[in-house]
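Just entry23.tsv here, TSV, C-alpha atoms:
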```tsv
chain	number	residue	atom	x	y	z
A	1	MET	CA	57.85	-17.98	-30.36
A	2	ARG	CA	59.75	-14.71	-30.73
A	3	ALA	CA	62.69	-16.18	-28.83
A	4	LEU	CA	62.49	-19.27	-31.02
A	5	SER	CA	62.43	-17.17	-34.19
A	6	VAL	CA	65.66	-15.42	-33.18
A	7	ALA	CA	67.39	-18.73	-32.53
A	8	ALA	CA	66.01	-20.29	-35.73
A	9	ALA	CA	67.30	-17.33	-37.75
A	10	ARG	CA	70.83	-18.18	-36.64
A	11	GLU	CA	70.34	-21.79	-37.70
A	12	LEU	CA	68.91	-20.82	-41.09
A	13	GLY	CA	71.34	-17.98	-41.77
A	14	GLN	CA	68.58	-15.46	-42.53
A	15	PRO	CA	66.02	-13.43	-40.56
A	16	VAL	CA	62.79	-14.97	-39.36
A	17	VAL	CA	60.14	-12.23	-39.32
A	18	VAL	CA	57.19	-12.59	-36.94
A	19	ALA	CA	53.79	-11.25	-38.05
A	20	ASN	CA	51.00	-11.30	-35.47
A	21	ARG	CA	47.56	-12.54	-36.62
A	22	PRO	CA	45.50	-12.90	-33.41
A	23	GLY	CA	41.92	-14.08	-33.24
A	24	ALA	CA	39.71	-17.16	-33.61
A	25	GLY	CA	41.62	-18.99	-30.91
A	26	GLY	CA	44.90	-18.71	-32.78
A	27	THR	CA	43.58	-20.12	-36.07
A	28	LEU	CA	43.48	-16.94	-38.18
A	29	GLY	CA	47.21	-16.92	-38.83
A	30	PRO	CA	47.62	-20.51	-39.99
A	31	ALA	CA	44.35	-20.42	-41.97
A	32	ALA	CA	45.49	-17.31	-43.87
A	33	MET	CA	48.88	-18.85	-44.54
A	34	ALA	CA	47.36	-22.07	-45.82
A	35	HIS	CA	45.45	-20.19	-48.52
A	36	SER	CA	47.93	-17.50	-49.47
A	37	ALA	CA	51.50	-18.77	-49.02
A	38	ALA	CA	53.54	-20.65	-51.59
A	39	PRO	CA	54.72	-24.07	-50.35
A	40	ASP	CA	58.37	-23.03	-50.63
A	41	GLY	CA	59.15	-22.89	-46.91
A	42	TYR	CA	59.53	-19.12	-46.72
A	43	THR	CA	56.17	-18.61	-45.01
A	44	VAL	CA	55.19	-20.84	-42.11
A	45	SER	CA	52.85	-20.46	-39.16
A	46	VAL	CA	52.65	-21.25	-35.49
A	47	VAL	CA	49.94	-23.86	-34.96
A	48	VAL	CA	48.06	-24.48	-31.73
A	49	GLY	CA	45.57	-27.17	-30.77
A	50	THR	CA	42.49	-25.11	-31.56
A	51	LEU	CA	43.31	-25.57	-35.26
A	52	PHE	CA	42.22	-29.20	-34.85
A	53	ARG	CA	39.05	-28.31	-32.92
A	54	TYR	CA	37.49	-25.32	-34.68
A	55	PRO	CA	36.18	-27.24	-37.72
A	56	PHE	CA	33.76	-29.01	-35.35
A	57	LEU	CA	32.65	-25.80	-33.64
A	58	GLN	CA	31.89	-23.53	-36.60
A	59	PRO	CA	32.35	-23.24	-40.37
A	60	VAL	CA	36.03	-22.71	-41.24
A	61	ASN	CA	37.89	-22.13	-44.50
A	62	TYR	CA	40.53	-24.80	-43.95
A	63	ASP	CA	40.90	-28.54	-43.44
A	64	PRO	CA	43.43	-29.33	-40.68
A	65	LEU	CA	44.53	-32.56	-42.34
A	66	ARG	CA	44.59	-31.52	-46.00
A	67	ASP	CA	45.70	-27.87	-46.03
A	68	PHE	CA	48.88	-28.03	-43.93
A	69	THR	CA	52.33	-29.54	-43.88
A	70	TYR	CA	53.24	-30.23	-40.26
A	71	ILE	CA	56.92	-29.42	-39.87
A	72	ALA	CA	57.83	-29.65	-36.17
A	73	CYS	CA	56.10	-29.63	-32.81
A	74	MET	CA	57.95	-27.54	-30.24
A	75	THR	CA	56.16	-27.12	-26.91
A	76	ALA	CA	52.75	-27.08	-25.23
A	77	TYR	CA	50.78	-24.50	-23.28
A	78	SER	CA	50.32	-25.02	-19.53
A	79	TYR	CA	46.71	-24.42	-18.51
A	80	GLY	CA	45.47	-23.51	-15.08
A	81	ILE	CA	42.39	-22.39	-13.19
A	82	VAL	CA	43.23	-18.93	-11.86
A	83	VAL	CA	41.31	-16.48	-9.65
A	84	ARG	CA	42.16	-13.07	-8.21
A	85	GLN	CA	44.24	-12.97	-5.06
A	86	ASP	CA	41.25	-11.59	-3.11
A	87	ALA	CA	38.78	-14.18	-4.44
A	88	PRO	CA	36.70	-15.99	-1.78
A	89	TRP	CA	37.73	-19.48	-2.93
A	90	ASN	CA	40.82	-21.04	-1.33
A	91	SER	CA	40.59	-24.29	-3.25
A	92	LEU	CA	39.01	-25.80	-6.32
A	93	ALA	CA	36.52	-27.57	-4.05
A	94	ASP	CA	35.38	-24.18	-2.73
A	95	LEU	CA	34.94	-22.89	-6.28
A	96	ILE	CA	32.97	-25.94	-7.40
A	97	ALA	CA	30.70	-25.79	-4.35
A	98	ASP	CA	29.92	-22.13	-5.03
A	99	ALA	CA	29.24	-22.81	-8.72
A	100	ARG	CA	26.82	-25.54	-7.75
A	101	ALA	CA	25.02	-23.26	-5.30
A	102	ARG	CA	24.93	-20.32	-7.75
A	103	PRO	CA	24.65	-21.73	-11.30
A	104	ASP	CA	26.19	-19.44	-13.97
A	105	ALA	CA	26.98	-16.72	-11.40
A	106	ILE	CA	30.73	-17.25	-11.73
A	107	SER	CA	32.05	-16.03	-15.08
A	108	TYR	CA	35.30	-17.31	-16.49
A	109	GLY	CA	37.40	-16.34	-19.46
A	110	GLY	CA	39.31	-18.27	-22.08
A	111	THR	CA	41.01	-17.55	-25.38
A	112	GLY	CA	38.51	-18.15	-28.15
A	113	ALA	CA	35.14	-19.84	-27.91
A	114	GLY	CA	36.71	-23.23	-28.58
A	115	GLY	CA	39.87	-22.98	-26.52
A	116	SER	CA	41.32	-25.86	-24.51
A	117	GLY	CA	40.51	-24.09	-21.26
A	118	ARG	CA	36.82	-23.98	-22.10
A	119	ILE	CA	36.82	-27.65	-23.07
A	120	ALA	CA	38.39	-28.50	-19.70
A	121	ILE	CA	35.89	-26.45	-17.68
A	122	GLU	CA	32.92	-27.84	-19.61
A	123	ARG	CA	34.14	-31.35	-18.85
A	124	LEU	CA	34.62	-30.41	-15.21
A	125	SER	CA	31.08	-29.05	-15.13
A	126	ARG	CA	29.71	-32.32	-16.48
A	127	LEU	CA	31.55	-34.30	-13.80
A	128	THR	CA	30.67	-32.06	-10.84
A	129	GLY	CA	27.35	-30.42	-11.65
A	130	ALA	CA	28.94	-26.99	-11.26
A	131	ARG	CA	27.80	-24.41	-13.82
A	132	PHE	CA	30.02	-21.55	-14.97
A	133	ASN	CA	29.36	-18.70	-17.39
A	134	PHE	CA	31.92	-18.69	-20.21
A	135	ILE	CA	33.20	-15.39	-21.68
A	136	PRO	CA	35.48	-15.71	-24.76
A	137	PHE	CA	38.40	-13.32	-25.31
A	138	LYS	CA	40.67	-12.72	-28.29
A	139	GLY	CA	43.82	-13.20	-26.26
A	140	ALA	CA	45.45	-13.53	-22.85
A	141	ALA	CA	45.96	-9.77	-22.42
A	142	GLU	CA	42.22	-9.06	-22.68
A	143	GLU	CA	41.16	-11.81	-20.30
A	144	THR	CA	43.87	-10.88	-17.78
A	145	THR	CA	42.59	-7.28	-17.76
A	146	ALA	CA	39.05	-8.54	-17.28
A	147	LEU	CA	40.04	-10.79	-14.38
A	148	LEU	CA	42.09	-8.19	-12.55
A	149	GLY	CA	39.38	-5.58	-13.17
A	150	GLY	CA	36.71	-7.81	-11.64
A	151	HIS	CA	34.69	-8.24	-14.84
A	152	ILE	CA	35.14	-12.02	-14.66
A	153	GLN	CA	35.92	-14.15	-11.63
A	154	MET	CA	38.11	-16.87	-13.10
A	155	VAL	CA	40.42	-17.66	-16.00
A	156	ALA	CA	40.96	-21.13	-17.44
A	157	ASP	CA	43.88	-20.64	-19.78
A	158	ALA	CA	47.64	-20.53	-20.24
A	159	GLY	CA	49.86	-17.49	-19.67
A	160	TRP	CA	48.96	-17.08	-16.00
A	161	GLY	CA	52.55	-16.90	-14.73
A	162	PRO	CA	52.97	-13.09	-14.53
A	163	MET	CA	49.75	-12.72	-12.52
A	164	ILE	CA	50.99	-15.28	-10.02
A	165	ASP	CA	54.47	-13.78	-9.83
A	166	THR	CA	53.12	-10.31	-9.02
A	167	GLY	CA	50.77	-11.63	-6.35
A	168	LYS	CA	47.66	-10.47	-8.19
A	169	ALA	CA	46.16	-13.94	-8.70
A	170	ARG	CA	46.12	-17.45	-7.29
A	171	LEU	CA	46.38	-20.77	-9.10
A	172	LEU	CA	43.73	-23.16	-7.78
A	173	ALA	CA	44.56	-26.11	-10.03
A	174	VAL	CA	46.66	-27.11	-13.01
A	175	ILE	CA	44.98	-28.67	-16.04
A	176	ALA	CA	47.93	-30.93	-16.84
A	177	ARG	CA	49.47	-34.28	-15.93
A	178	GLU	CA	52.11	-32.71	-13.70
A	179	ARG	CA	52.18	-29.79	-11.30
A	180	ALA	CA	53.61	-26.48	-12.46
A	181	ARG	CA	57.21	-25.76	-11.49
A	182	ARG	CA	56.28	-22.16	-10.71
A	183	VAL	CA	53.52	-23.10	-8.22
A	184	PRO	CA	54.26	-26.64	-7.02
A	185	ARG	CA	51.64	-26.46	-4.26
A	186	ALA	CA	48.77	-26.20	-6.79
A	187	PRO	CA	47.32	-29.68	-7.51
A	188	THR	CA	46.41	-31.02	-10.91
A	189	LEU	CA	42.82	-31.85	-11.79
A	190	VAL	CA	43.92	-35.46	-12.12
A	191	GLU	CA	45.18	-35.44	-8.52
A	192	LEU	CA	41.84	-34.03	-7.42
A	193	GLY	CA	40.02	-36.95	-9.03
A	194	TYR	CA	39.09	-35.47	-12.41
A	195	ASP	CA	40.77	-37.11	-15.40
A	196	ILE	CA	40.98	-33.86	-17.35
A	197	VAL	CA	44.12	-32.63	-19.11
A	198	ALA	CA	44.19	-29.63	-21.44
A	199	SER	CA	46.55	-30.64	-24.21
A	200	ASN	CA	47.45	-27.77	-26.51
A	201	PRO	CA	50.70	-28.39	-28.38
A	202	VAL	CA	52.45	-25.57	-30.18
A	203	GLY	CA	54.20	-26.31	-33.45
A	204	ILE	CA	55.25	-25.02	-36.84
A	205	ALA	CA	53.39	-25.80	-40.06
A	206	GLY	CA	53.47	-24.68	-43.66
A	207	PRO	CA	50.97	-24.89	-46.49
A	208	ARG	CA	50.27	-28.24	-48.10
A	209	GLY	CA	52.52	-29.60	-50.80
A	210	MET	CA	55.90	-28.66	-49.36
A	211	ASP	CA	59.03	-30.38	-50.65
A	212	PRO	CA	60.14	-33.00	-48.07
A	213	ALA	CA	63.71	-31.70	-48.32
A	214	VAL	CA	62.55	-28.19	-47.34
A	215	VAL	CA	60.49	-29.64	-44.50
A	216	LYS	CA	63.56	-31.49	-43.24
A	217	THR	CA	65.66	-28.31	-43.33
A	218	LEU	CA	63.10	-26.34	-41.34
A	219	GLN	CA	62.42	-29.17	-38.91
A	220	THR	CA	66.13	-29.48	-38.15
A	221	ALA	CA	66.58	-25.72	-37.76
A	222	PHE	CA	63.68	-25.29	-35.34
A	223	HIS	CA	64.62	-28.31	-33.26
A	224	ARG	CA	68.23	-27.13	-33.01
A	225	ALA	CA	66.93	-23.69	-32.06
A	226	SER	CA	65.07	-25.29	-29.14
A	227	ARG	CA	68.44	-25.62	-27.35
A	228	ASP	CA	68.87	-21.83	-27.27
A	229	PRO	CA	69.20	-20.47	-23.69
A	230	GLU	CA	66.89	-17.48	-24.31
A	231	TYR	CA	64.21	-19.72	-25.76
A	232	ASN	CA	64.49	-22.08	-22.79
A	233	ARG	CA	64.21	-19.16	-20.38
A	234	ALA	CA	61.04	-18.11	-22.19
A	235	LEU	CA	59.63	-21.63	-21.80
A	236	ASP	CA	60.51	-21.66	-18.10
A	237	ASN	CA	58.83	-18.29	-17.57
A	238	ALA	CA	55.64	-19.70	-19.07
A	239	ASP	CA	55.94	-23.12	-17.39
A	240	GLN	CA	55.92	-24.71	-20.83
A	241	PRO	CA	57.68	-28.04	-21.43
A	242	HIS	CA	59.58	-29.12	-24.51
A	243	MET	CA	57.34	-31.25	-26.71
A	244	LEU	CA	59.51	-32.02	-29.71
A	245	MET	CA	58.14	-34.02	-32.63
A	246	ASP	CA	59.53	-34.34	-36.13
A	247	SER	CA	57.34	-33.88	-39.18
A	248	GLU	CA	56.25	-37.51	-39.36
A	249	ALA	CA	55.34	-37.75	-35.68
A	250	TYR	CA	53.64	-34.34	-35.70
A	251	THR	CA	51.52	-35.29	-38.72
A	252	ALA	CA	50.44	-38.52	-37.02
A	253	PHE	CA	49.64	-36.55	-33.87
A	254	ALA	CA	47.45	-34.16	-35.89
A	255	VAL	CA	45.43	-37.08	-37.24
A	256	ARG	CA	44.84	-38.44	-33.73
A	257	GLN	CA	44.08	-35.01	-32.31
A	258	VAL	CA	41.46	-34.19	-34.94
A	259	ALA	CA	39.61	-37.40	-34.08
A	260	GLU	CA	39.83	-36.67	-30.35
A	261	GLU	CA	38.62	-33.08	-30.70
A	262	LYS	CA	35.67	-34.19	-32.81
A	263	LYS	CA	34.67	-36.61	-30.04
A	264	PHE	CA	34.97	-34.05	-27.22
A	265	VAL	CA	33.02	-31.36	-29.07
A	266	ALA	CA	30.22	-33.83	-29.88
A	267	GLU	CA	30.07	-35.15	-26.31
A	268	LEU	CA	29.90	-31.67	-24.79
A	269	GLY	CA	27.52	-30.24	-27.40
A	270	LEU	CA	29.69	-27.14	-27.87
A	271	ARG	CA	29.30	-24.40	-30.43
A	272	ALA	CA	31.40	-21.28	-30.95
A	273	GLN	CA	29.74	-18.14	-29.57
```
Using structure tokens, write down the structure from this file.
Amino acid sequence: MRALSVAAARELGQPVVVANRPGAGGTLGPAAMAHSAAPDGYTVSVVVGTLFRYPFLQPVNYDPLRDFTYIACMTAYSYGIVVRQDAPWNSLADLIADARARPDAISYGGTGAGGSGRIAIERLSRLTGARFNFIPFKGAAEETTALLGGHIQMVADAGWGPMIDTGKARLLAVIARERARRVPRAPTLVELGYDIVASNPVGIAGPRGMDPAVVKTLQTAFHRASRDPEYNRALDNADQPHMLMDSEAYTAFAVRQVAEEKKFVAELGLRAQ
């Protein structure tokens, strides 16, 4: 998003300032913006899929369909099941067999209590009978430290590329429709017989009530910025695809996603910890 902000600034002819608001699975930033920013287009937020899920996990101070103007979808996180390089499991089948034999003995981390990685592992547990112990983290840096330090045994999240590149971790499976370009030998869960895909799109939204003309200006600027070489290198480094949607398509996607997240949370009986 920092690379995108630099490219978007050139398109808009003015700086785009990034302010970090981590926490609550990436929902603190957009929730704060929705309640404090004027709908003039000068304050927008990165939006991730947990925004659509958290209202069904815990009380929140926003409505994902009423409090936001969805401007443009940009990309999507690539989720994987990652273990340390010295872990005893050489395949997902090995991991599942161990988790069946030792229920809750294998701890895994994910960003936020309601992150897409957790949803995927809970679904996998239902299908296989394997039981894992979930540990929520505020962000990827914390969970990476915990994995490499041996405090947890597995991560089910995005942002695993650097660990793989440095040889500190192994990717057992990808939670996506297609294999990762970085580690093409790692199978997808779908290939392994589990119809599980962690879909977590990343887009830009503003507060409700924005002028359609302003939305169009921002949508065009961000989509043009997606052609920037530095931004595309950043996507490649994270194994993230382009997932471009205009405001109309992104809004329709949000409606569908809210309904889908409500169903998954109810089926799995999840609550935020």
Given only C-alpha atoms as the basis, pick out the residue of A:Tyr42, A:Gly29, A:Gly159, A:Ala176 nearest to Ala120 (chain A).
A:Ala176
Using only C-alpha atoms for the distances, tell me which of A:Asp67, A:Asp86, A:Asp228, A:Glu260 is nearest to His35 (chain A).
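Of A:Asp67, A:Asp86, A:Asp228, A:Glu260, the one nearest His35 (chain A) is A:Asp67, counting only C-alpha atoms.
Atom pair CA of Ile204 (chain A) / CA of Ala72 (chain A) has a distance of 5.3 Å (rounded to one decimal).
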Do a neighbour search on Val16 (chain A) at 8 Å with all atoms listed in the file, toss out local chain neighbours closer than 6 positions, and write the hits as a list in words.
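Listing them by chain and then by number gives Ser5, Val6, Ala8 and Ala9 of chain A.
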Counting all atoms listed in the file, I want the residues whose atoms come within 9 Å of (65.6, -28.0, -38.9) in the file frame, returned as a list of chain:residue names.
A:Ala8, A:Glu11, A:Leu12, A:Ile71, A:Ala72, A:Val214, A:Val215, A:Lys216, A:Thr217, A:Leu218, A:Gln219, A:Thr220, A:Ala221, A:Phe222, A:His223, A:Arg224, A:Ala225
Identify which of the residues A:Pro207, A:Pro55, A:Pro212, A:Gly80 lies closest to Val183 (chain A), counting all atoms listed in the file when measuring atom-to-atom distances.
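Comparing A:Pro207, A:Pro55, A:Pro212, A:Gly80 against Val183 (chain A), the winner is A:Gly80.
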Shell around Asn133 (chain A) at 8 Å using all atoms listed in the file, local window under 2 positions removed, as a ChimeraX atom specification
/A:104-108,131,135
